[in-house]
Structures are given as structure tokens and as C-alpha cells.
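Coordinates as given in model_31.txt (compact mmCIF, C-alpha atoms and all ligand atoms):
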# COMPACT_ATOMS: atom_id res chain seq x y z
CA MET A 1 123.00 -70.00 -175.68
CA ASN A 2 119.80 -68.52 -177.13
CA ILE A 3 119.20 -64.98 -175.91
CA LEU A 4 115.93 -63.26 -176.76
CA VAL A 5 116.38 -59.50 -176.91
CA ILE A 6 113.28 -57.44 -176.31
CA ASN A 7 112.70 -53.73 -176.77
CA SER A 8 109.24 -53.08 -175.42
CA GLY A 9 107.43 -49.82 -176.25
CA SER A 10 103.91 -48.62 -175.49
CA SER A 11 102.33 -50.30 -178.52
CA SER A 12 105.19 -52.27 -180.03
CA ILE A 13 107.79 -54.90 -179.20
CA LYS A 14 110.96 -55.36 -181.23
CA TYR A 15 112.59 -58.76 -180.76
CA GLN A 16 115.64 -60.74 -181.87
CA LEU A 17 116.66 -64.25 -180.97
CA ILE A 18 120.45 -64.34 -180.99
CA ASP A 19 122.71 -67.32 -180.44
CA MET A 20 125.64 -66.36 -178.23
CA PRO A 21 128.59 -66.27 -178.39
CA SER A 22 128.31 -66.99 -182.13
CA GLU A 23 126.21 -63.77 -182.51
CA ILE A 24 124.05 -65.51 -185.12
CA VAL A 25 120.60 -63.93 -185.38
CA LYS A 26 118.21 -66.88 -185.58
CA ALA A 27 115.05 -64.81 -185.93
CA SER A 28 113.90 -61.23 -185.52
CA GLY A 29 110.80 -59.14 -185.91
CA LEU A 30 108.37 -56.57 -184.69
CA ILE A 31 104.96 -56.62 -183.07
CA GLU A 32 103.15 -53.37 -183.84
CA ARG A 33 99.92 -51.56 -183.00
CA ILE A 34 99.35 -53.61 -179.82
CA GLY A 35 95.92 -52.80 -178.41
CA GLU A 36 94.44 -51.63 -181.71
CA SER A 37 91.72 -53.56 -183.52
CA ILE A 38 94.22 -54.90 -186.05
CA SER A 39 97.80 -55.40 -184.93
CA LYS A 40 100.70 -56.60 -187.00
CA ILE A 41 103.48 -59.08 -186.35
CA THR A 42 106.54 -59.44 -188.52
CA TYR A 43 108.82 -62.45 -188.27
CA LYS A 44 112.11 -62.76 -190.10
CA LYS A 45 114.31 -65.82 -190.39
CA SER A 46 117.36 -65.37 -192.63
CA GLU A 47 115.92 -63.91 -195.83
CA GLU A 48 112.39 -65.18 -195.19
CA LYS A 49 109.95 -62.57 -193.90
CA ILE A 50 106.41 -63.32 -192.80
CA THR A 51 103.82 -60.81 -191.68
CA ALA A 52 100.43 -61.43 -190.12
CA GLU A 53 97.64 -59.05 -189.17
CA LEU A 54 95.49 -60.02 -186.23
CA PRO A 55 94.17 -58.48 -183.04
CA ILE A 56 96.85 -58.41 -180.32
CA GLU A 57 95.22 -56.91 -177.26
CA ASN A 58 98.26 -56.66 -175.03
CA HIS A 59 102.00 -57.35 -174.72
CA GLU A 60 101.39 -60.82 -173.29
CA LYS A 61 99.42 -61.85 -176.36
CA GLY A 62 102.12 -60.26 -178.51
CA LEU A 63 104.90 -62.39 -177.03
CA SER A 64 102.69 -65.52 -177.26
CA GLU A 65 102.18 -64.83 -180.95
CA MET A 66 105.92 -64.34 -181.38
CA ASN A 67 106.44 -67.73 -179.71
CA ARG A 68 104.11 -69.38 -182.21
CA PHE A 69 106.43 -68.17 -184.97
CA LEU A 70 109.62 -69.11 -183.11
CA MET A 71 108.33 -72.65 -182.57
CA HIS A 72 106.50 -73.05 -185.87
CA ALA A 73 106.92 -76.51 -187.42
CA GLU A 74 107.93 -75.10 -190.80
CA PHE A 75 109.76 -71.83 -190.19
CA GLY A 76 110.42 -71.91 -186.46
CA VAL A 77 113.93 -71.91 -184.94
CA ILE A 78 113.30 -73.59 -181.57
CA ASN A 79 111.25 -76.59 -180.44
CA ASN A 80 110.02 -75.28 -177.11
CA ILE A 81 110.27 -72.12 -175.05
CA ASN A 82 112.80 -73.65 -172.66
CA GLU A 83 115.32 -73.33 -175.47
CA ILE A 84 115.29 -69.59 -174.75
CA HIS A 85 117.89 -69.40 -172.00
CA ALA A 86 117.77 -65.71 -171.25
CA VAL A 87 115.81 -62.59 -172.15
CA GLY A 88 117.76 -59.34 -172.44
CA HIS A 89 115.57 -56.27 -171.98
CA ARG A 90 116.33 -52.79 -173.19
CA VAL A 91 115.64 -50.39 -170.32
CA VAL A 92 115.99 -46.72 -171.19
CA HIS A 93 116.62 -45.14 -167.80
CA GLY A 94 118.82 -46.63 -165.12
CA GLY A 95 119.33 -43.36 -163.25
CA LYS A 96 122.43 -43.29 -161.08
CA ASP A 97 121.83 -46.80 -159.77
CA PHE A 98 122.82 -48.89 -162.79
CA SER A 99 126.24 -48.79 -164.38
CA GLY A 100 126.02 -52.24 -165.95
CA THR A 101 123.76 -55.10 -166.90
CA VAL A 102 121.80 -56.72 -164.07
CA GLU A 103 119.69 -59.78 -163.48
CA ILE A 104 116.11 -58.64 -162.88
CA THR A 105 114.75 -59.11 -159.37
CA ASP A 106 111.72 -57.61 -157.63
CA GLU A 107 113.97 -54.93 -156.17
CA ILE A 108 115.35 -54.05 -159.62
CA LYS A 109 111.82 -53.83 -161.00
CA GLU A 110 110.91 -51.41 -158.21
CA LYS A 111 113.91 -49.25 -159.11
CA ILE A 112 113.01 -49.25 -162.81
CA LYS A 113 109.49 -48.26 -161.82
CA SER A 114 110.69 -45.46 -159.59
CA LEU A 115 112.85 -44.13 -162.44
CA SER A 116 109.74 -43.75 -164.60
CA VAL A 117 109.52 -40.12 -163.49
CA LEU A 118 112.72 -39.52 -165.45
CA ALA A 119 111.60 -41.50 -168.55
CA PRO A 120 107.80 -41.57 -168.48
CA LEU A 121 107.50 -42.63 -172.12
CA HIS A 122 109.93 -45.51 -171.85
CA ASN A 123 110.51 -47.11 -168.44
CA PRO A 124 106.87 -48.10 -167.77
CA ASN A 125 106.72 -49.86 -171.16
CA ASN A 126 110.11 -51.51 -170.63
CA LEU A 127 108.76 -52.80 -167.33
CA ILE A 128 105.66 -54.23 -168.99
CA GLY A 129 107.98 -56.16 -171.34
CA ILE A 130 109.90 -57.54 -168.34
CA GLU A 131 106.81 -58.62 -166.43
CA VAL A 132 105.23 -60.28 -169.44
CA ALA A 133 108.48 -62.07 -170.34
CA GLU A 134 108.77 -63.37 -166.76
CA LYS A 135 105.35 -64.99 -167.22
CA ILE A 136 105.94 -66.34 -170.69
CA PHE A 137 109.53 -67.54 -170.16
CA PRO A 138 109.53 -68.57 -166.49
CA LYS A 139 112.70 -70.64 -166.81
CA ALA A 140 114.74 -67.99 -168.63
CA LYS A 141 117.00 -65.52 -166.82
CA GLN A 142 115.72 -61.97 -167.23
CA LEU A 143 118.37 -59.30 -167.65
CA GLY A 144 118.19 -55.52 -167.88
CA VAL A 145 120.52 -53.49 -170.09
CA PHE A 146 120.26 -49.75 -169.49
CA ASP A 147 120.73 -47.02 -172.12
CA THR A 148 122.14 -44.72 -169.46
CA ALA A 149 124.72 -47.18 -168.08
CA PHE A 150 127.52 -46.28 -170.49
CA PHE A 151 127.59 -42.72 -169.13
CA GLN A 152 127.87 -43.61 -165.48
CA GLU A 153 131.65 -43.26 -165.51
CA MET A 154 131.53 -39.70 -166.80
CA PRO A 155 133.46 -37.32 -164.53
CA GLU A 156 131.38 -35.16 -162.21
CA LYS A 157 132.56 -31.96 -163.91
CA ALA A 158 130.82 -33.23 -167.07
CA PHE A 159 127.63 -34.64 -165.60
CA ARG A 160 126.74 -31.80 -163.20
CA TYR A 161 124.68 -28.73 -164.03
CA ALA A 162 125.76 -25.43 -162.50
CA ILE A 163 122.59 -24.98 -160.47
CA PRO A 164 122.41 -25.02 -156.65
CA ASN A 165 123.90 -28.22 -155.21
CA SER A 166 120.68 -29.13 -153.47
CA PHE A 167 119.04 -29.98 -156.80
CA PHE A 168 121.70 -32.60 -157.39
CA VAL A 169 121.91 -33.84 -153.82
CA GLU A 170 118.20 -34.01 -153.10
CA HIS A 171 116.72 -34.58 -156.53
CA ASP A 172 119.45 -36.25 -158.62
CA ILE A 173 119.23 -33.56 -161.29
CA ARG A 174 122.27 -34.18 -163.52
CA VAL A 175 123.25 -35.46 -166.95
CA TYR A 176 122.28 -39.10 -167.48
CA GLY A 177 122.59 -39.45 -171.26
CA PHE A 178 120.82 -41.74 -173.71
CA HIS A 179 121.62 -44.03 -176.67
CA GLY A 180 124.39 -45.52 -174.49
CA THR A 181 123.93 -49.03 -175.87
CA SER A 182 124.54 -47.73 -179.39
CA HIS A 183 127.52 -45.56 -178.43
CA LYS A 184 129.10 -48.46 -176.54
CA PHE A 185 128.53 -50.88 -179.41
CA VAL A 186 130.09 -48.69 -182.09
CA CYS A 187 132.89 -47.67 -179.73
CA GLU A 188 133.90 -51.30 -179.24
CA GLN A 189 133.59 -52.02 -182.96
CA ALA A 190 135.75 -48.98 -183.72
CA ILE A 191 138.43 -49.98 -181.20
CA SER A 192 138.78 -53.45 -182.68
CA PHE A 193 138.70 -52.15 -186.29
CA LEU A 194 141.32 -49.48 -185.56
CA SER A 195 143.56 -51.90 -183.67
CA GLU A 196 143.44 -54.32 -186.63
CA HIS A 197 144.48 -51.43 -188.86
CA LYS A 198 147.27 -50.41 -186.47
CA TRP A 199 145.64 -47.04 -185.80
CA PRO A 200 145.36 -45.49 -182.34
CA SER A 201 141.93 -45.87 -180.78
CA ARG A 202 142.17 -44.11 -177.42
CA LYS A 203 140.27 -40.95 -178.34
CA LEU A 204 136.95 -41.42 -180.13
CA ILE A 205 133.96 -39.25 -180.91
CA THR A 206 130.86 -41.32 -181.67
CA ILE A 207 127.96 -39.58 -183.44
CA HIS A 208 124.56 -41.30 -183.27
CA LEU A 209 122.21 -39.67 -185.80
CA GLY A 210 118.76 -41.27 -185.90
CA ASN A 211 115.44 -39.68 -185.07
CA GLY A 212 117.13 -38.89 -181.77
CA CYS A 213 120.72 -37.66 -182.08
CA SER A 214 123.64 -37.57 -179.68
CA ILE A 215 127.42 -37.38 -179.61
CA THR A 216 129.87 -38.81 -177.09
CA ALA A 217 133.52 -38.16 -176.27
CA ILE A 218 135.18 -41.47 -175.35
CA LYS A 219 138.67 -42.06 -173.98
CA ASP A 220 139.99 -45.60 -173.52
CA GLY A 221 136.46 -46.96 -173.94
CA ILE A 222 135.00 -44.71 -171.23
CA ALA A 223 132.48 -41.95 -171.98
CA LEU A 224 133.85 -38.59 -170.80
CA ASP A 225 131.11 -36.32 -172.10
CA HIS A 226 127.82 -36.62 -173.93
CA SER A 227 125.34 -34.24 -175.55
CA LEU A 228 122.02 -35.51 -174.16
CA GLY A 229 121.40 -34.67 -170.54
CA PHE A 230 118.76 -35.00 -167.86
CA GLY A 231 116.24 -35.52 -170.64
CA PRO A 232 116.55 -36.43 -174.32
CA SER A 233 116.36 -33.02 -175.99
CA ASN A 234 119.73 -31.37 -175.39
CA GLY A 235 122.62 -31.00 -177.81
CA LEU A 236 122.30 -31.85 -181.49
CA ILE A 237 119.35 -30.93 -183.71
CA MET A 238 117.09 -33.99 -183.99
CA GLY A 239 114.09 -35.15 -186.03
CA THR A 240 111.54 -33.28 -183.90
CA ARG A 241 113.59 -32.14 -180.87
CA SER A 242 115.33 -28.79 -180.75
CA GLY A 243 118.66 -29.74 -179.24
CA ASP A 244 120.42 -26.91 -177.38
CA ILE A 245 118.23 -23.89 -176.77
CA ASP A 246 118.62 -20.92 -174.43
CA GLN A 247 116.26 -21.55 -171.52
CA SER A 248 115.15 -17.89 -171.73
CA VAL A 249 113.16 -18.90 -174.81
CA ILE A 250 111.12 -21.27 -172.66
CA PHE A 251 110.28 -18.56 -170.14
CA TYR A 252 109.49 -16.11 -172.95
CA LEU A 253 107.01 -18.62 -174.42
CA ILE A 254 105.39 -19.06 -171.02
CA ASP A 255 105.48 -15.52 -169.66
CA GLN A 256 105.01 -13.45 -172.82
CA LEU A 257 103.23 -15.73 -175.28
CA GLY A 258 101.00 -17.56 -172.80
CA TYR A 259 102.10 -21.14 -173.48
CA SER A 260 101.62 -23.69 -170.71
CA PRO A 261 104.71 -25.68 -169.60
CA GLN A 262 103.21 -28.79 -171.25
CA GLU A 263 102.73 -26.93 -174.52
CA VAL A 264 106.32 -25.71 -174.44
CA ASN A 265 107.51 -29.24 -173.79
CA ASN A 266 105.48 -30.41 -176.75
CA VAL A 267 106.98 -27.70 -178.96
CA ILE A 268 110.53 -28.57 -177.94
CA GLN A 269 110.19 -32.34 -178.12
CA LYS A 270 107.71 -32.92 -180.92
CA GLN A 271 107.46 -29.87 -183.15
CA SER A 272 111.04 -28.66 -183.35
CA GLY A 273 114.28 -29.95 -184.83
CA MET A 274 114.38 -30.74 -188.54
CA PHE A 275 110.59 -31.01 -188.60
CA GLY A 276 110.11 -27.59 -187.04
CA LEU A 277 112.53 -26.03 -189.51
CA THR A 278 111.17 -27.70 -192.66
CA GLY A 279 107.79 -29.37 -192.09
CA TYR A 280 109.31 -32.77 -193.01
CA TYR A 281 110.12 -35.68 -190.71
CA ASP A 282 112.33 -37.77 -192.95
CA LEU A 283 115.82 -36.53 -193.73
CA ARG A 284 115.57 -38.05 -197.21
CA ASP A 285 112.71 -35.66 -198.04
CA ILE A 286 114.63 -32.72 -196.61
CA GLN A 287 117.70 -33.59 -198.69
CA GLU A 288 115.59 -33.91 -201.86
CA LYS A 289 113.86 -30.58 -201.25
CA ALA A 290 117.15 -28.83 -200.50
CA LYS A 291 118.55 -30.17 -203.77
CA SER A 292 115.66 -28.65 -205.67
CA GLY A 293 116.23 -25.27 -204.09
CA ASP A 294 114.07 -25.24 -200.93
CA LYS A 295 115.81 -22.67 -198.72
CA HIS A 296 114.27 -23.86 -195.45
CA CYS A 297 115.50 -27.39 -196.07
CA GLN A 298 118.97 -26.19 -197.03
CA LEU A 299 119.18 -24.05 -193.89
CA ALA A 300 118.05 -26.99 -191.74
CA LEU A 301 120.82 -29.18 -193.18
CA ASP A 302 123.37 -26.39 -192.66
CA MET A 303 122.25 -25.89 -189.05
CA ASN A 304 122.29 -29.62 -188.38
CA ALA A 305 125.84 -30.13 -189.68
CA TYR A 306 127.05 -26.91 -188.03
CA ARG A 307 125.80 -28.07 -184.61
CA ILE A 308 127.58 -31.43 -185.00
CA LYS A 309 130.80 -29.68 -186.02
CA LYS A 310 130.68 -27.48 -182.91
CA PHE A 311 130.38 -30.54 -180.70
CA ILE A 312 133.24 -32.31 -182.49
CA GLY A 313 135.43 -29.28 -181.80
CA ALA A 314 134.40 -29.23 -178.16
CA TYR A 315 134.93 -32.96 -177.69
CA ALA A 316 138.32 -32.86 -179.42
CA SER A 317 139.25 -30.42 -176.64
CA VAL A 318 137.81 -32.70 -173.96
CA LEU A 319 139.92 -35.56 -175.34
CA ASN A 320 142.99 -33.44 -176.14
CA GLY A 321 142.84 -34.70 -179.73
CA VAL A 322 140.91 -37.31 -181.62
CA ASP A 323 141.92 -40.59 -183.26
CA ALA A 324 138.63 -41.34 -185.01
CA ILE A 325 135.10 -40.08 -185.40
CA VAL A 326 132.31 -42.59 -185.93
CA PHE A 327 128.99 -42.01 -187.68
CA THR A 328 126.11 -44.35 -186.86
CA ALA A 329 122.29 -44.86 -186.87
CA GLY A 330 119.77 -44.10 -189.67
CA ILE A 331 121.23 -40.76 -190.75
CA GLY A 332 124.85 -41.40 -189.75
CA GLU A 333 124.88 -44.66 -191.73
CA ASN A 334 122.90 -43.48 -194.75
CA SER A 335 123.33 -39.78 -195.36
CA SER A 336 126.53 -39.12 -197.29
CA ILE A 337 125.39 -35.48 -197.48
CA ILE A 338 125.34 -34.92 -193.72
CA ARG A 339 128.66 -36.75 -193.30
CA GLN A 340 130.21 -34.61 -196.03
CA MET A 341 128.87 -31.37 -194.56
CA VAL A 342 130.07 -32.28 -191.07
CA CYS A 343 133.57 -33.18 -192.25
CA GLN A 344 134.20 -30.19 -194.49
CA GLU A 345 136.59 -27.49 -193.27
CA MET A 346 137.81 -29.63 -190.41
CA GLN A 347 141.40 -29.94 -191.67
CA TYR A 348 142.64 -28.06 -188.60
CA LEU A 349 141.80 -31.21 -186.61
CA GLY A 350 143.14 -33.60 -189.25
CA ILE A 351 139.63 -34.63 -190.36
CA LYS A 352 139.61 -35.09 -194.15
CA LEU A 353 136.95 -37.02 -196.03
CA ASN A 354 137.47 -39.21 -199.09
CA THR A 355 134.43 -38.21 -201.15
CA ALA A 356 134.32 -41.39 -203.26
CA LYS A 357 134.52 -43.61 -200.19
CA ASN A 358 131.82 -41.53 -198.51
CA GLU A 359 129.49 -42.24 -201.44
CA ASN A 360 130.31 -45.95 -201.72
CA LEU A 361 130.27 -47.58 -198.32
CA GLN A 362 131.56 -51.09 -197.71
CA ASN A 363 129.51 -53.79 -196.08
CA GLY A 364 130.01 -53.54 -192.32
CA ILE A 365 132.51 -50.92 -191.20
CA SER A 366 133.64 -48.29 -193.72
CA ASP A 367 136.68 -46.07 -193.39
CA ILE A 368 135.80 -42.94 -195.38
CA SER A 369 138.79 -40.78 -194.46
CA SER A 370 141.33 -39.71 -197.05
CA ASP A 371 144.69 -41.45 -197.02
CA ASP A 372 146.53 -38.44 -195.61
CA ALA A 373 143.95 -37.70 -192.86
CA LYS A 374 145.18 -37.69 -189.26
CA VAL A 375 141.76 -38.74 -187.99
CA LYS A 376 139.91 -41.82 -189.22
CA ILE A 377 136.29 -41.24 -190.20
CA LEU A 378 134.31 -44.45 -189.77
CA VAL A 379 130.74 -45.41 -190.59
CA ILE A 380 129.65 -48.25 -188.33
CA PRO A 381 126.14 -49.75 -188.44
CA THR A 382 124.81 -49.76 -184.92
CA ASN A 383 123.28 -52.91 -183.48
CA GLU A 384 121.72 -52.26 -180.09
CA GLU A 385 120.10 -55.71 -179.98
CA LEU A 386 123.44 -57.45 -180.44
CA GLU A 387 124.97 -55.22 -177.77
CA ILE A 388 122.18 -56.22 -175.36
CA ALA A 389 122.78 -59.89 -176.20
CA LYS A 390 126.54 -59.45 -175.68
CA GLN A 391 126.09 -57.76 -172.33
CA SER A 392 123.53 -60.35 -171.22
CA TYR A 393 125.82 -63.19 -172.26
CA GLY A 394 128.73 -61.46 -170.53
CA LEU A 395 126.85 -61.31 -167.23
CA LEU A 396 125.69 -64.92 -167.44
CA SER A 397 129.20 -66.14 -168.23
CA GLU A 398 130.79 -64.42 -165.21
P1 LIG A 401 115.49 -44.26 -184.55
O1 LIG A 401 116.08 -43.19 -183.69
O2 LIG A 401 113.99 -44.17 -184.66
O3 LIG A 401 116.02 -45.65 -184.30
P2 LIG A 401 116.90 -44.47 -187.07
O4 LIG A 401 118.25 -44.75 -186.55
O5 LIG A 401 116.18 -45.55 -187.78
O6 LIG A 401 115.97 -43.81 -186.00
O7 LIG A 401 117.03 -43.22 -188.09
C1 LIG A 401 115.92 -42.63 -188.68
C2 LIG A 401 116.40 -41.47 -189.56
O8 LIG A 401 117.28 -41.98 -190.56
C3 LIG A 401 115.26 -40.76 -190.28
O9 LIG A 401 115.37 -39.37 -190.09
C4 LIG A 401 115.53 -41.08 -191.74
O10 LIG A 401 115.20 -40.00 -192.52
C5 LIG A 401 117.02 -41.30 -191.77
N1 LIG A 401 117.42 -42.11 -192.93
C6 LIG A 401 117.17 -43.41 -193.16
N2 LIG A 401 117.67 -43.77 -194.36
C7 LIG A 401 118.23 -42.66 -194.91
C8 LIG A 401 118.91 -42.37 -196.14
N3 LIG A 401 119.11 -43.30 -197.06
N4 LIG A 401 119.36 -41.12 -196.33
C9 LIG A 401 119.18 -40.16 -195.40
N5 LIG A 401 118.56 -40.37 -194.22
C10 LIG A 401 118.09 -41.59 -193.97

As C-alpha cells, how would this structure be written, given the file I've shared?
Amino acid sequence: MNILVINSGSSSIKYQLIDMPSEIVKASGLIERIGESISKITYKKSEEKITAELPIENHEKGLSEMNRFLMHAEFGVINNINEIHAVGHRVVHGGKDFSGTVEITDEIKEKIKSLSVLAPLHNPNNLIGIEVAEKIFPKAKQLGVFDTAFFQEMPEKAFRYAIPNSFFVEHDIRVYGFHGTSHKFVCEQAISFLSEHKWPSRKLITIHLGNGCSITAIKDGIALDHSLGFGPSNGLIMGTRSGDIDQSVIFYLIDQLGYSPQEVNNVIQKQSGMFGLTGYYDLRDIQEKAKSGDKHCQLALDMNAYRIKKFIGAYASVLNGVDAIVFTAGIGENSSIIRQMVCQEMQYLGIKLNTAKNENLQNGISDISSDDAKVKILVIPTNEELEIAKQSYGLLSE
């Protein structure tokens, strides 16, 4: 079954055509700068990569252009659009209503729309992707996979904030979490890897370190706690987001320094984190600068790793121990420095890194723990598109 996975943003669409259940990626690519005078479409089939620059005025035109590649006589992978059996959509916010994948109906679209207040940068664009795909692939089933769904089984003591009950009851103010598709994917990969290696896999801590960063405590495949909350800026230090901050700082900025609430939001979401501490967006630059003696960059790395360590300690308590920790996403998969800094002086938990293995990862899943460690340290490449395809296929096969 061919499943087209779509991640629709405000000016871009990421896509992958995946054959299920074989999990073979037939084609993938990106449509960028939608609405600008010159847009760009990238199409990849196996090792072949083609790019084209042309005006793409809206998402509908974008998907039509993608179709031209998918059905191209020379490098296409399908003969007609009816060979796309289902479209799996990434939807960022499912609120408290969605704990699993659903087939899209008018009612579901209304709910996604109403949840836009909680994810104004994402849900409206995800919805555009759905509505355009309905037009372009009228025979395909449309399915929604929600980033928040994986956290819906979290216990109430973990997802509630200690503010008056009415805010929860009347306004649904609580922890929702994000990056759930990634945490679920690497969790399942870890469980099967650990089982193959006859290692317990009940208590996992998954650490997603990309531009956005989050950490999840997972027991028996179910998320018990998670660092992102009502919005996406809590917890770990991220590319441009602060992570945990005392809310008094916010009121100080407003009351004493004259910032507007919007300006404070901008500071916390877009000017903070590693960028705020160093002036650089890319962790590779920060690592390079730290190496050549830049104190701000070194401090930012120290703070970043320190924050992750604190969460690992907390989540080991939540789980009453830990069988494995998993690093994933751009930084988790590529920065041996951050992994090394996070894992040092963690012997009390049984976390001990093998430095050589940390520097020389395997293809696929890497076990970078030392032989005498009590906790496995895994690096697992995340694959949110494949997870969306798996969940879509799962629902259609029920
Ligand atoms: P997104 O959240 O946008 O999906 P990614 O998962 O792609 O983000 O991660 C982006 C981050 O990964 C960037 O901060 C980038 O600096 C970092 N990164 C990518 N490759 C490396 C590398 N080789 N070493 C260190 N950091 C890296």
C-alpha cells in the first residue's frame, strides 16, 4: 500500500511516499518558499535527487508539482494518482481529544481548527495540507497523526499544573507535550533492539534534541512524563527557546522593563536558548567556537548538558530506575560532544559511555554504552514520516 506522508507548514511541505508494510521509501522531497516569487521543489528517488525552481503560489500548486514528479515518465514511481492509497498528515496539536491516529472527517477538521489557538503556527498549516490533499487525492483515505497523542496516557499528576482547578476544567490548561511521533518511534525501535539483545526495555528515557528539544520518561511503552508542556518552550534548553524559566522573570520584563507580552513571548521563543546565549543558531558553530576558547559557547554547552542531566535524574526517579536512555534528532544523533557531556558523572545511575563507540556510530541504531554499564545508551535516528506511515497503515489494517 502506498502511503503519502505530508508535513505541511506555512510555506513548505515535506513529503514521503512510503510502501507499507515493506517500509520502502519510494520517493521523498520538500516544497519550499511557497507563495514567494521563486519557490523550490526537491524530489528524491533512491540516490537520485532533482531540484526545480519555479513559482508555486500555494499549497495546491505545490502538491500538483509533486505529483508531476511522482508520475514522471522517466523518474516517477507511480503511474497515476489513484496508486496513492492513503495520505498520512502530521498534525501538531490534538489537544485532549486525540490519543491515536484518526481518519479525517469534517468533524475532525473542525476540531483541528479549534485547536489552532493552542498551536497557532502549526495547526492552521496542517489543516491547509489536509484540505489540499483531499482535493488532489480524492480517492485516497486521509489520516491525521497527532504529535500530542503519545502523551495522552500520562497520569494526571504529571500533566496537571498546580494552578486553580478551574483553569483545567474550563480552559483545558495542562501539559500536552510535543515531538510525540519522534518519541514513540524511537521508543519502539529501542524496545525491539533491546529485546533482541536480551536487555530489559521497560524503563526508557528518550531525549529528542533538534531545534526543539524534549525528554520523555516511558514505562512499558507508555509516556509517564515529558518536558514540554502547554506550549513548546518548557524544559530543556533549545535552539532559540529558553526551556524552564522562573515565571517571575516574565513579570519582571513586563512590569519593570516595559516589555509587552508579545515581546516577552518573542524573547522566550525566538531569541533565547543556545542562540540567546551565544549568538549562533547551529550547534556545530557553537561547538567549534567553544573549542577555540569562546567562553559564552562553552557555557551554553555546559548549561545545555546540565539541564538534560537534571531531567534524566528526575525521570529515573519517575521510573524507579532506567534500562536505557535514547538520543535522537539532529543534535542527539550527531553531536558526540553533547552526548559525552550528558553522560559524564552519571555512574550513580549506571550510565557509562564508551567514548570510542560514541565517536564512531554504526549505521542505524548504535549502542554507545560501555560493556559494564547498567544502563544502555542508544543513538537512534528518528523517522517521524515512517512513524506516520506505520500508524496510518495500522489504522487502515484494523
Ligand atoms: P528540527 O527540530 O528542525 O527537525 P533537527 O532534528 O534537524 O531539527 O536538528 C537540528 C539541529 O541539529 C541544529 O541545531 C544543528 O546544529 C544540529 N546538528 C545537525 N548536525 C549536527 C552535527 N553534525 N553536529 C552537531 N549538531 C548538529

Using 8 Å as the limit and counting all atoms listed in the file, can you tabulate each residue of range 352-376 of chain A that touches range 315-333 of chain A, with its shortest atom-to-atom distance in Å and the two atoms involved, as a tab-separated table?
residue	atom	partner	partner_atom	distance
A:Lys374	CA	A:Asp323	CA	7.4
A:Val375	CA	A:Ala324	CA	5.0
A:Lys376	CA	A:Ala324	CA	4.4

Contact residues around Ile245 in chain A with all atoms listed in the file at 9 Å, ignoring same-chain residues under 4 positions, as a PyMOL selection string: chain A and resi 234-235+249-250

Surrounding residues as a VMD selection string, ligand LIG 401 (chain A), max 7 Å, only C-alpha atoms and all ligand atoms: chain A and resid 209 to 212 239 281 to 284 329 to 331 334 to 335

Deliver the residues from the most recent selection as a file, using C-alpha atoms, as an mmCIF file, keeping the file's coordinate frame.
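Saved file part-v5.cif follows:
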data_model
loop_
_atom_site.group_PDB
_atom_site.id
_atom_site.type_symbol
_atom_site.label_atom_id
_atom_site.label_comp_id
_atom_site.auth_asym_id
_atom_site.auth_seq_id
_atom_site.Cartn_x
_atom_site.Cartn_y
_atom_site.Cartn_z
ATOM 1 C CA LEU A 209 122.210 -39.670 -185.800
ATOM 2 C CA GLY A 210 118.760 -41.270 -185.900
ATOM 3 C CA ASN A 211 115.440 -39.680 -185.070
ATOM 4 C CA GLY A 212 117.130 -38.890 -181.770
ATOM 5 C CA GLY A 239 114.090 -35.150 -186.030
ATOM 6 C CA TYR A 281 110.120 -35.680 -190.710
ATOM 7 C CA ASP A 282 112.330 -37.770 -192.950
ATOM 8 C CA LEU A 283 115.820 -36.530 -193.730
ATOM 9 C CA ARG A 284 115.570 -38.050 -197.210
ATOM 10 C CA ALA A 329 122.290 -44.860 -186.870
ATOM 11 C CA GLY A 330 119.770 -44.100 -189.670
ATOM 12 C CA ILE A 331 121.230 -40.760 -190.750
ATOM 13 C CA ASN A 334 122.900 -43.480 -194.750
ATOM 14 C CA SER A 335 123.330 -39.780 -195.360
#

Ref. answer, residues at most 12 Å from (101.8, -56.2, -178.6) with only C-alpha atoms, as a short mmCIF file (atom, residue, chain, number, x, y, z; two decimals) with C-alpha atoms, keeping the file's coordinate frame:
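Saved the output as point-v5.cif:
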data_model
loop_
_atom_site.label_atom_id
_atom_site.label_comp_id
_atom_site.auth_asym_id
_atom_site.auth_seq_id
_atom_site.Cartn_x
_atom_site.Cartn_y
_atom_site.Cartn_z
CA ILE A 6 113.28 -57.44 -176.31
CA ASN A 7 112.70 -53.73 -176.77
CA SER A 8 109.24 -53.08 -175.42
CA GLY A 9 107.43 -49.82 -176.25
CA SER A 10 103.91 -48.62 -175.49
CA SER A 11 102.33 -50.30 -178.52
CA SER A 12 105.19 -52.27 -180.03
CA ILE A 13 107.79 -54.90 -179.20
CA LYS A 14 110.96 -55.36 -181.23
CA TYR A 15 112.59 -58.76 -180.76
CA GLY A 29 110.80 -59.14 -185.91
CA LEU A 30 108.37 -56.57 -184.69
CA ILE A 31 104.96 -56.62 -183.07
CA GLU A 32 103.15 -53.37 -183.84
CA ARG A 33 99.92 -51.56 -183.00
CA ILE A 34 99.35 -53.61 -179.82
CA GLY A 35 95.92 -52.80 -178.41
CA GLU A 36 94.44 -51.63 -181.71
CA SER A 37 91.72 -53.56 -183.52
CA ILE A 38 94.22 -54.90 -186.05
CA SER A 39 97.80 -55.40 -184.93
CA LYS A 40 100.70 -56.60 -187.00
CA ILE A 41 103.48 -59.08 -186.35
CA THR A 42 106.54 -59.44 -188.52
CA GLU A 53 97.64 -59.05 -189.17
CA LEU A 54 95.49 -60.02 -186.23
CA PRO A 55 94.17 -58.48 -183.04
CA ILE A 56 96.85 -58.41 -180.32
CA GLU A 57 95.22 -56.91 -177.26
CA ASN A 58 98.26 -56.66 -175.03
CA HIS A 59 102.00 -57.35 -174.72
CA GLU A 60 101.39 -60.82 -173.29
CA LYS A 61 99.42 -61.85 -176.36
CA GLY A 62 102.12 -60.26 -178.51
CA LEU A 63 104.90 -62.39 -177.03
CA SER A 64 102.69 -65.52 -177.26
CA GLU A 65 102.18 -64.83 -180.95
CA MET A 66 105.92 -64.34 -181.38
CA ASN A 125 106.72 -49.86 -171.16
CA ILE A 128 105.66 -54.23 -168.99
CA GLY A 129 107.98 -56.16 -171.34
CA VAL A 132 105.23 -60.28 -169.44
#

Spatial neighbours of range 101-118 of chain A, max dist 7 Å, all atoms listed in the file, sep filter under 4 positions, as a ChimeraX atom specification: /A:93-95,123-124,142-146,391-392,395

Residues within 6 Å of (130.6, -47.8, -190.5), counting only C-alpha atoms, listed as a PyMOL selection string: chain A and resi 365-366+378-381

Proximity to Asp147 in chain A - best of A:Ile24, A:Val92, A:Ala162, A:Ala314, all atoms listed in the file: A:Val92
